[in-house]
Amino acid sequence: MSIFEELDFESTPLGEVSLRRRQEPRLDGKMLYEVKLDDEFLMSSLFVDAEVALSTLALKILDRKQANVVVGGLGLGHTAAAVLDDPTVASLKVIEVMAPVIRWHQKELVPLGRRLCDDARCQFIHADFFALAMSDSSGFDINMPDEKADALLLDIDHSPSHWLNPGNADFYSQRGLKKMAGKIQSNGVFGLWSNDPPDDEFIALLDTVFHNSEAHVINFTNPYSGGESSNTVYIARIH
């Protein structure tokens, strides 16, 4: 018997967000967790390679013994969990604008919920990442406004030119990126997930703000198509 459950459905300022769990008969009954915003699929637990790579690629080049990391966007928790897998990470702040997504983890409705909540290094912050990134404060925590991040990892919009909220567009400009870069420590790292292929114009924009930047294409098996799919991870190093 196949299983399909809608685990949560709530209205948010961005739309109606839902979490569902289902068995996929085409994958020998593998259990999948999926998130939708209104009628649009946001994410699936089947495709997480690039979300994990966002963390591993950024932290690999970060020369820190005690790293303070900020993640914009909680989702199903795969980027955050990959951050916590790194023993050099001293603290992790995950900024999420949709309160239901935080509650899914706190109530253990998603597989990584307990793992993130039980790790004392991990803190959820219910806030608009983009508002914080472009604010005049030095950091992302109102209780510690002067604390800068060693690594800042962002996975919210579909790509730098395809946004969940049109209001996010200002962030993907030289002014927005400079505001955000001011909240990263010297020699720190900014990482960004994108569903689209590498964008040369965006890479050129990153190079006006950061010391250097590069785009990594993350290929992964797509059992639905019978071939491969890919996402992009941008990594930029601050001066």
# chains A, B, ... in the order shown; residues from 1 in each chain; ligands from 1

call {"tool": "select_by_dssp", "arguments": {"residues": "region 75-214 of chain A", "states": "helix (DSSP H, G or I)", "output": "PyMOL selection string"}}
result
chain A and resi 78-84+99-106+113-117+129-133+166-171+174-181+200-209

call {"tool": "residues_around", "arguments": {"residues": "Gly29 (chain A)", "least_positions_apart": "5", "cutoff": "9 Å", "atoms": "only C-alpha atoms", "output": "PyMOL selection string"}}
result
chain A and resi 2-3+22-24

call {"tool": "write_last_selection", "arguments": {"atoms": "N, CA and C atoms", "output": "tab-separated table (two decimals), in the first residue's frame"}}
result
chain	number	residue	atom	x	y	z
A	2	SER	N	0.59	2.16	-0.91
A	2	SER	CA	1.36	3.40	-0.96
A	2	SER	C	0.92	4.35	0.14
A	3	ILE	N	1.83	5.22	0.56
A	3	ILE	CA	1.56	6.19	1.63
A	3	ILE	C	1.67	7.59	1.07
A	22	ARG	N	5.54	11.00	1.16
A	22	ARG	CA	4.92	9.99	0.31
A	22	ARG	C	5.93	8.93	-0.08
A	23	GLN	N	5.40	7.76	-0.36
A	23	GLN	CA	6.21	6.69	-0.92
A	23	GLN	C	6.24	6.81	-2.43
A	24	GLU	N	7.41	6.60	-3.01
A	24	GLU	CA	7.56	6.69	-4.45
A	24	GLU	C	7.67	5.28	-5.02

call {"tool": "closest_residue", "arguments": {"among": "A:Val83, A:Leu7, A:Val110, A:Leu206", "to": "Ile235 (chain A)", "atoms": "only C-alpha atoms"}}
result
A:Leu206

call {"tool": "residues_around", "arguments": {"residues": "Val69 (chain A)", "least_positions_apart": "6", "cutoff": "10 Å", "atoms": "only C-alpha atoms", "output": "list of chain:residue names"}}
result
A:Ser55, A:Leu59, A:Ala80, A:Val83, A:Leu84, A:Val89, A:Ala90, A:Ser91, A:Leu92, A:Lys93, A:Val94, A:Arg121, A:Cys122, A:Lys148, A:Ala149, A:Asp150, A:Ala151, A:Leu152, A:Leu153, A:Ile184, A:Gly188, A:Val189

call {"tool": "write_last_selection", "arguments": {"atoms": "C-alpha atoms", "output": "compact mmCIF listing (two decimals), in the first residue's frame"}}
result
# COMPACT_ATOMS: atom_id res chain seq x y z
CA SER A 55 28.23 23.56 2.88
CA LEU A 59 33.85 25.12 4.59
CA ALA A 80 22.46 22.94 8.05
CA VAL A 83 27.49 22.37 8.33
CA LEU A 84 27.18 20.61 11.68
CA VAL A 89 32.01 24.68 13.26
CA ALA A 90 31.51 26.39 16.62
CA SER A 91 28.07 27.87 15.97
CA LEU A 92 25.35 27.82 13.34
CA LYS A 93 22.54 30.32 12.94
CA VAL A 94 19.81 29.30 10.49
CA ARG A 121 25.64 24.72 18.23
CA CYS A 122 22.50 25.20 16.11
CA LYS A 148 30.13 38.65 11.87
CA ALA A 149 29.97 35.27 10.17
CA ASP A 150 32.97 33.30 8.98
CA ALA A 151 30.82 31.61 6.35
CA LEU A 152 27.45 32.68 5.01
CA LEU A 153 25.48 30.14 2.97
CA ILE A 184 31.34 38.40 6.84
CA GLY A 188 35.44 34.55 5.04
CA VAL A 189 33.25 32.80 2.50

call {"tool": "closest_residue", "arguments": {"among": "A:Ala181, A:Ile102, A:Ile142, A:Ile61", "to": "Thr208 (chain A)", "atoms": "only C-alpha atoms"}}
result
A:Ala181

call {"tool": "residues_around", "arguments": {"residues": "region 196-204 of chain A", "least_positions_apart": "4", "cutoff": "7 Å", "atoms": "only C-alpha atoms", "output": "list in words"}}
result
Ser159, Thr208, Ser213, Glu214, Ala215, Asn231 and Thr232 of chain A

call {"tool": "write_last_selection", "arguments": {"atoms": "C-alpha atoms", "output": "PDB file, in the first residue's frame"}}
result
ATOM      1  CA  SER A 159      18.478  31.405  -8.616  1.00  0.00           C
ATOM      2  CA  THR A 208      33.006  43.332  -8.090  1.00  0.00           C
ATOM      3  CA  SER A 213      34.383  33.719  -7.040  1.00  0.00           C
ATOM      4  CA  GLU A 214      33.611  30.568  -8.954  1.00  0.00           C
ATOM      5  CA  ALA A 215      30.640  28.449  -9.949  1.00  0.00           C
ATOM      6  CA  ASN A 231      22.419  22.566  -9.757  1.00  0.00           C
ATOM      7  CA  THR A 232      24.982  25.320  -9.311  1.00  0.00           C
TER       8      THR A 232
END

call {"tool": "closest_atom_pairs", "arguments": {"of": "region 14-115 of chain A", "to": "region 219-227 of chain A", "cutoff": "10 Å", "atoms": "only C-alpha atoms", "output": "CSV"}}
result
residue,atom,partner,partner_atom,distance
A:Arg26,CA,A:Tyr224,CA,8.2
A:Leu27,CA,A:Pro223,CA,7.8
A:Leu46,CA,A:Asn222,CA,8.9
A:Phe47,CA,A:Phe220,CA,7.8
A:Val48,CA,A:Phe220,CA,9.0
A:Asp49,CA,A:Phe220,CA,6.7
A:Ala50,CA,A:Asn219,CA,8.0

call {"tool": "write_last_selection", "arguments": {"atoms": "N, CA and C atoms", "output": "mmCIF file, in the first residue's frame"}}
result
data_model
loop_
_atom_site.group_PDB
_atom_site.id
_atom_site.type_symbol
_atom_site.label_atom_id
_atom_site.label_comp_id
_atom_site.auth_asym_id
_atom_site.auth_seq_id
_atom_site.Cartn_x
_atom_site.Cartn_y
_atom_site.Cartn_z
ATOM 1 N N ARG A 26 8.038 4.263 -7.972
ATOM 2 C CA ARG A 26 9.048 4.142 -9.019
ATOM 3 C C ARG A 26 10.453 3.988 -8.451
ATOM 4 N N LEU A 27 10.579 4.176 -7.127
ATOM 5 C CA LEU A 27 11.875 4.066 -6.455
ATOM 6 C C LEU A 27 11.803 3.018 -5.351
ATOM 7 N N LEU A 46 14.671 13.941 -2.183
ATOM 8 C CA LEU A 46 15.336 13.086 -3.159
ATOM 9 C C LEU A 46 16.566 13.762 -3.760
ATOM 10 N N PHE A 47 16.514 15.091 -3.873
ATOM 11 C CA PHE A 47 17.594 15.827 -4.538
ATOM 12 C C PHE A 47 18.249 16.788 -3.548
ATOM 13 N N VAL A 48 19.307 16.350 -2.885
ATOM 14 C CA VAL A 48 19.940 17.183 -1.854
ATOM 15 C C VAL A 48 21.442 17.337 -2.067
ATOM 16 N N ASP A 49 21.973 16.777 -3.158
ATOM 17 C CA ASP A 49 23.429 16.793 -3.364
ATOM 18 C C ASP A 49 24.001 18.204 -3.349
ATOM 19 N N ALA A 50 23.349 19.115 -4.046
ATOM 20 C CA ALA A 50 23.880 20.474 -4.128
ATOM 21 C C ALA A 50 23.687 21.230 -2.814
#

call {"tool": "decode", "arguments": {"residues": "region 111-226 of chain A", "atoms": "C-alpha atoms", "output": "mmCIF file, in the first residue's frame"}}
result
data_model
loop_
_atom_site.group_PDB
_atom_site.id
_atom_site.type_symbol
_atom_site.label_atom_id
_atom_site.label_comp_id
_atom_site.auth_asym_id
_atom_site.auth_seq_id
_atom_site.Cartn_x
_atom_site.Cartn_y
_atom_site.Cartn_z
ATOM 1 C CA PRO A 111 13.917 13.455 9.263
ATOM 2 C CA LEU A 112 16.662 15.928 10.261
ATOM 3 C CA GLY A 113 14.594 17.768 12.867
ATOM 4 C CA ARG A 114 15.934 16.032 15.961
ATOM 5 C CA ARG A 115 19.503 16.102 14.673
ATOM 6 C CA LEU A 116 19.466 19.886 14.267
ATOM 7 C CA CYS A 117 17.503 20.620 17.428
ATOM 8 C CA ASP A 118 19.688 18.389 19.618
ATOM 9 C CA ASP A 119 22.925 20.061 18.505
ATOM 10 C CA ALA A 120 23.716 22.867 20.939
ATOM 11 C CA ARG A 121 25.643 24.718 18.229
ATOM 12 C CA CYS A 122 22.500 25.197 16.114
ATOM 13 C CA GLN A 123 20.090 28.106 16.547
ATOM 14 C CA PHE A 124 16.996 28.861 14.472
ATOM 15 C CA ILE A 125 16.194 32.532 13.872
ATOM 16 C CA HIS A 126 12.734 33.408 12.572
ATOM 17 C CA ALA A 127 13.454 36.426 10.393
ATOM 18 C CA ASP A 128 13.735 37.683 6.829
ATOM 19 C CA PHE A 129 17.287 36.880 5.739
ATOM 20 C CA PHE A 130 17.282 39.581 3.065
ATOM 21 C CA ALA A 131 16.149 42.296 5.479
ATOM 22 C CA LEU A 132 18.918 41.311 7.885
ATOM 23 C CA ALA A 133 21.504 41.022 5.118
ATOM 24 C CA MET A 134 20.801 44.547 3.891
ATOM 25 C CA SER A 135 20.425 46.135 7.319
ATOM 26 C CA ASP A 136 22.943 48.519 8.863
ATOM 27 C CA SER A 137 23.896 46.091 11.656
ATOM 28 C CA SER A 138 27.174 44.164 11.483
ATOM 29 C CA GLY A 139 25.653 40.722 11.997
ATOM 30 C CA PHE A 140 22.541 38.576 11.661
ATOM 31 C CA ASP A 141 21.490 38.156 15.296
ATOM 32 C CA ILE A 142 19.692 41.056 16.970
ATOM 33 C CA ASN A 143 21.034 39.814 20.311
ATOM 34 C CA MET A 144 24.613 39.920 18.980
ATOM 35 C CA PRO A 145 24.413 42.620 16.278
ATOM 36 C CA ASP A 146 28.191 42.992 15.943
ATOM 37 C CA GLU A 147 29.005 39.295 15.439
ATOM 38 C CA LYS A 148 30.129 38.647 11.874
ATOM 39 C CA ALA A 149 29.966 35.269 10.167
ATOM 40 C CA ASP A 150 32.971 33.296 8.985
ATOM 41 C CA ALA A 151 30.818 31.610 6.348
ATOM 42 C CA LEU A 152 27.445 32.684 5.014
ATOM 43 C CA LEU A 153 25.483 30.138 2.971
ATOM 44 C CA LEU A 154 22.291 31.056 1.136
ATOM 45 C CA ASP A 155 19.626 28.708 -0.233
ATOM 46 C CA ILE A 156 16.319 30.523 -0.543
ATOM 47 C CA ASP A 157 15.586 31.682 -4.088
ATOM 48 C CA HIS A 158 15.574 29.434 -7.145
ATOM 49 C CA SER A 159 18.478 31.405 -8.616
ATOM 50 C CA PRO A 160 19.956 34.928 -8.581
ATOM 51 C CA SER A 161 17.385 35.912 -11.224
ATOM 52 C CA HIS A 162 14.409 33.734 -10.198
ATOM 53 C CA TRP A 163 13.124 34.740 -6.781
ATOM 54 C CA LEU A 164 10.484 33.353 -4.434
ATOM 55 C CA ASN A 165 9.550 36.921 -3.586
ATOM 56 C CA PRO A 166 10.086 39.851 -6.001
ATOM 57 C CA GLY A 167 11.215 41.878 -2.993
ATOM 58 C CA ASN A 168 14.371 39.759 -2.840
ATOM 59 C CA ALA A 169 15.615 41.164 -6.150
ATOM 60 C CA ASP A 170 17.447 44.128 -4.566
ATOM 61 C CA PHE A 171 19.760 41.748 -2.747
ATOM 62 C CA TYR A 172 21.212 40.473 -6.045
ATOM 63 C CA SER A 173 22.838 43.792 -6.859
ATOM 64 C CA GLN A 174 26.224 45.278 -6.079
ATOM 65 C CA ARG A 175 24.694 47.348 -3.278
ATOM 66 C CA GLY A 176 22.893 44.358 -1.755
ATOM 67 C CA LEU A 177 25.870 42.042 -1.977
ATOM 68 C CA LYS A 178 28.167 44.677 -0.466
ATOM 69 C CA LYS A 179 25.785 45.113 2.458
ATOM 70 C CA MET A 180 25.805 41.368 3.019
ATOM 71 C CA ALA A 181 29.590 41.061 2.557
ATOM 72 C CA GLY A 182 30.070 43.594 5.342
ATOM 73 C CA LYS A 183 28.665 40.981 7.728
ATOM 74 C CA ILE A 184 31.345 38.404 6.844
ATOM 75 C CA GLN A 185 34.748 38.235 8.543
ATOM 76 C CA SER A 186 37.933 38.967 6.627
ATOM 77 C CA ASN A 187 38.930 35.917 4.532
ATOM 78 C CA GLY A 188 35.443 34.545 5.038
ATOM 79 C CA VAL A 189 33.248 32.799 2.498
ATOM 80 C CA PHE A 190 29.884 33.376 0.842
ATOM 81 C CA GLY A 191 28.092 30.447 -0.799
ATOM 82 C CA LEU A 192 24.890 30.429 -2.849
ATOM 83 C CA TRP A 193 22.750 27.570 -4.188
ATOM 84 C CA SER A 194 21.040 27.952 -7.577
ATOM 85 C CA ASN A 195 18.732 25.702 -9.545
ATOM 86 C CA ASP A 196 19.949 27.230 -12.817
ATOM 87 C CA PRO A 197 23.195 26.765 -14.790
ATOM 88 C CA PRO A 198 26.105 29.117 -13.990
ATOM 89 C CA ASP A 199 25.307 32.734 -14.789
ATOM 90 C CA ASP A 200 28.309 34.642 -16.175
ATOM 91 C CA GLU A 201 26.735 38.007 -15.394
ATOM 92 C CA PHE A 202 26.201 37.045 -11.769
ATOM 93 C CA ILE A 203 29.767 35.754 -11.478
ATOM 94 C CA ALA A 204 30.995 39.089 -12.844
ATOM 95 C CA LEU A 205 28.833 40.847 -10.257
ATOM 96 C CA LEU A 206 30.272 38.717 -7.449
ATOM 97 C CA ASP A 207 33.770 39.641 -8.637
ATOM 98 C CA THR A 208 33.006 43.332 -8.090
ATOM 99 C CA VAL A 209 32.315 42.637 -4.411
ATOM 100 C CA PHE A 210 34.497 39.666 -3.469
ATOM 101 C CA HIS A 211 38.180 38.818 -3.890
ATOM 102 C CA ASN A 212 37.326 35.910 -6.169
ATOM 103 C CA SER A 213 34.383 33.719 -7.040
ATOM 104 C CA GLU A 214 33.611 30.568 -8.954
ATOM 105 C CA ALA A 215 30.640 28.449 -9.949
ATOM 106 C CA HIS A 216 30.556 24.720 -9.276
ATOM 107 C CA VAL A 217 28.165 22.539 -11.264
ATOM 108 C CA ILE A 218 26.836 19.751 -9.049
ATOM 109 C CA ASN A 219 25.617 16.775 -11.056
ATOM 110 C CA PHE A 220 23.381 14.129 -9.542
ATOM 111 C CA THR A 221 21.363 11.153 -10.698
ATOM 112 C CA ASN A 222 17.747 11.852 -11.596
ATOM 113 C CA PRO A 223 15.787 8.582 -11.435
ATOM 114 C CA TYR A 224 12.747 10.202 -13.023
ATOM 115 C CA SER A 225 14.570 11.194 -16.202
ATOM 116 C CA GLY A 226 16.888 8.207 -16.179
#
